[in-house]
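Student: What follows is a single structure, and I will ask about it in a moment.
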Amino acid sequence: MVIAKEDINIALAIFMYKDFCKSGFMKDLRYQKIYEALSIGNDFRSNLENFLQAVGNKEAVDFVLETSALDLTTVEEGKTYSVRVYKDNWGLLDIDVSSNAEFIKLNTDKIKMRILLIMSLSLNLLLIRNFLEDRKI
């Protein structure tokens, strides 16, 4: 796991090496079966991370939002508001994002943190004044 955190390219090369299953710790049949299942496909970074999690060498990545609410006293036309999204662990993260409020327009429908060590990014949203009723947000 330390190699994967420090240098993902070396860890990927080791993970994809044809004799990876012959290494000492891979004598465990459970690890071999997990490897067989996860070495199929082209998303090698995700496969490696899932393998490390499955064999107990890495915690799953979770996320938290900077805030659970935006307090707005006025809505400015055309102003973009941001909420920071933080990972709690190194690794890949894909989050589907949506809003059921028609007055909120998100800049994306998916957050992807594909660089392992980037720990935060901003989710931008725009409030559309035309869809707001005369009430507090």
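Every chain in the structure tokens takes a letter, A first, then B, and so on in the order presented; its residues are numbered from 1, and the ligands are numbered from 1 following the presented order.
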Fewer than 4 positions away in the same chain doesn't count, so skip those; otherwise give me all residues within 12 Å of Gly56 of chain A, counting only C-alpha atoms, as a PyMOL selection string.
Tutor: chain A and resi 1+30-31+34+49-52+60
Student: Write the selection just made, keeping C-alpha atoms, as a PDB file, in the first residue's frame?
Tutor:
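Writing done, so here's again.pdb:
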ATOM      1  CA  MET A   1       0.000   0.000   0.000  1.00  0.00           C
ATOM      2  CA  ARG A  30      -8.411 -15.608  -1.473  1.00  0.00           C
ATOM      3  CA  TYR A  31      -5.952 -12.964  -2.702  1.00  0.00           C
ATOM      4  CA  ILE A  34      -9.629 -11.331  -5.765  1.00  0.00           C
ATOM      5  CA  GLU A  49      -7.278   0.358  -5.290  1.00  0.00           C
ATOM      6  CA  ASN A  50     -10.151  -2.148  -5.089  1.00  0.00           C
ATOM      7  CA  PHE A  51      -7.636  -4.978  -4.671  1.00  0.00           C
ATOM      8  CA  LEU A  52      -5.864  -3.165  -1.811  1.00  0.00           C
ATOM      9  CA  ALA A  60     -12.210   2.989   1.238  1.00  0.00           C
TER      10      ALA A  60
END
Student: Run DSSP on the backbone of this structure and report the residues of segment 38-93 of chain A it assigns to alpha helix (DSSP H), as JSON, numbers by chain.
Tutor: {"A": [38, 44, 45, 46, 47, 48, 49, 50, 51, 52, 53, 54]}
Student: Hey, which of A:Ser23, A:Ser46, A:Asn57, A:Ser82 ends up closest to Ile3 of chain A? Count only C-alpha atoms.
Tutor: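 Of A:Ser23, A:Ser46, A:Asn57, A:Ser82, the one nearest Ile3 of chain A, counting only C-alpha atoms, is A:Asn57.
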Student: Can you list, as a ChimeraX atom specification, every residue of chain A that DSSP puts in strand (DSSP E)?
Tutor: /A:63-65,80-87,93-96,104-106,110-113,120-127
Student: Could you write those residues out with C-alpha atoms, as a compact mmCIF listing (two decimals), in the first residue's frame?
Tutor:
# COMPACT_ATOMS: atom_id res chain seq x y z
CA PHE A 63 -15.88 12.35 1.48
CA VAL A 64 -17.29 15.23 3.47
CA LEU A 65 -18.69 18.58 2.40
CA THR A 80 -21.50 31.10 -8.71
CA TYR A 81 -21.42 29.63 -5.20
CA SER A 82 -18.94 26.94 -4.22
CA VAL A 83 -18.88 24.11 -1.73
CA ARG A 84 -15.59 22.30 -1.05
CA VAL A 85 -15.60 18.50 -1.20
CA TYR A 86 -12.88 16.81 0.88
CA LYS A 87 -11.63 13.22 0.69
CA LEU A 93 -13.30 9.04 -5.86
CA ASP A 94 -16.32 9.26 -8.18
CA ILE A 95 -19.48 10.93 -6.87
CA ASP A 96 -22.74 11.42 -8.77
CA ILE A 104 -30.09 25.19 -8.52
CA LYS A 105 -27.91 24.56 -11.55
CA LEU A 106 -24.79 22.47 -10.86
CA LYS A 110 -20.17 13.87 -11.52
CA ILE A 111 -17.19 14.67 -9.32
CA LYS A 112 -14.14 12.65 -10.24
CA MET A 113 -10.96 12.83 -8.21
CA SER A 120 -10.31 18.44 -2.20
CA LEU A 121 -12.06 20.31 -4.98
CA SER A 122 -14.97 22.72 -5.40
CA LEU A 123 -18.49 21.91 -6.47
CA ASN A 124 -19.93 25.02 -8.12
CA LEU A 125 -23.59 25.87 -8.26
CA LEU A 126 -25.63 28.70 -9.70
CA LEU A 127 -28.97 29.83 -8.26
Student: Would you mind reading off the distance between atom CA of Met119 of chain A and atom CA of Trp90 of chain A, one decimal, in Å?
Tutor: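 One can read the atom CA of Met119 of chain A to atom CA of Trp90 of chain A distance as 7.1 Å.
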Student: Can you tell me how far atom CA of Cys21 of chain A sits from atom CA of Tyr35 of chain A, in Å to one decimal?
Tutor: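 Taking atom CA of Cys21 of chain A as the start and atom CA of Tyr35 of chain A as the end point, the length is 8.0 Å.
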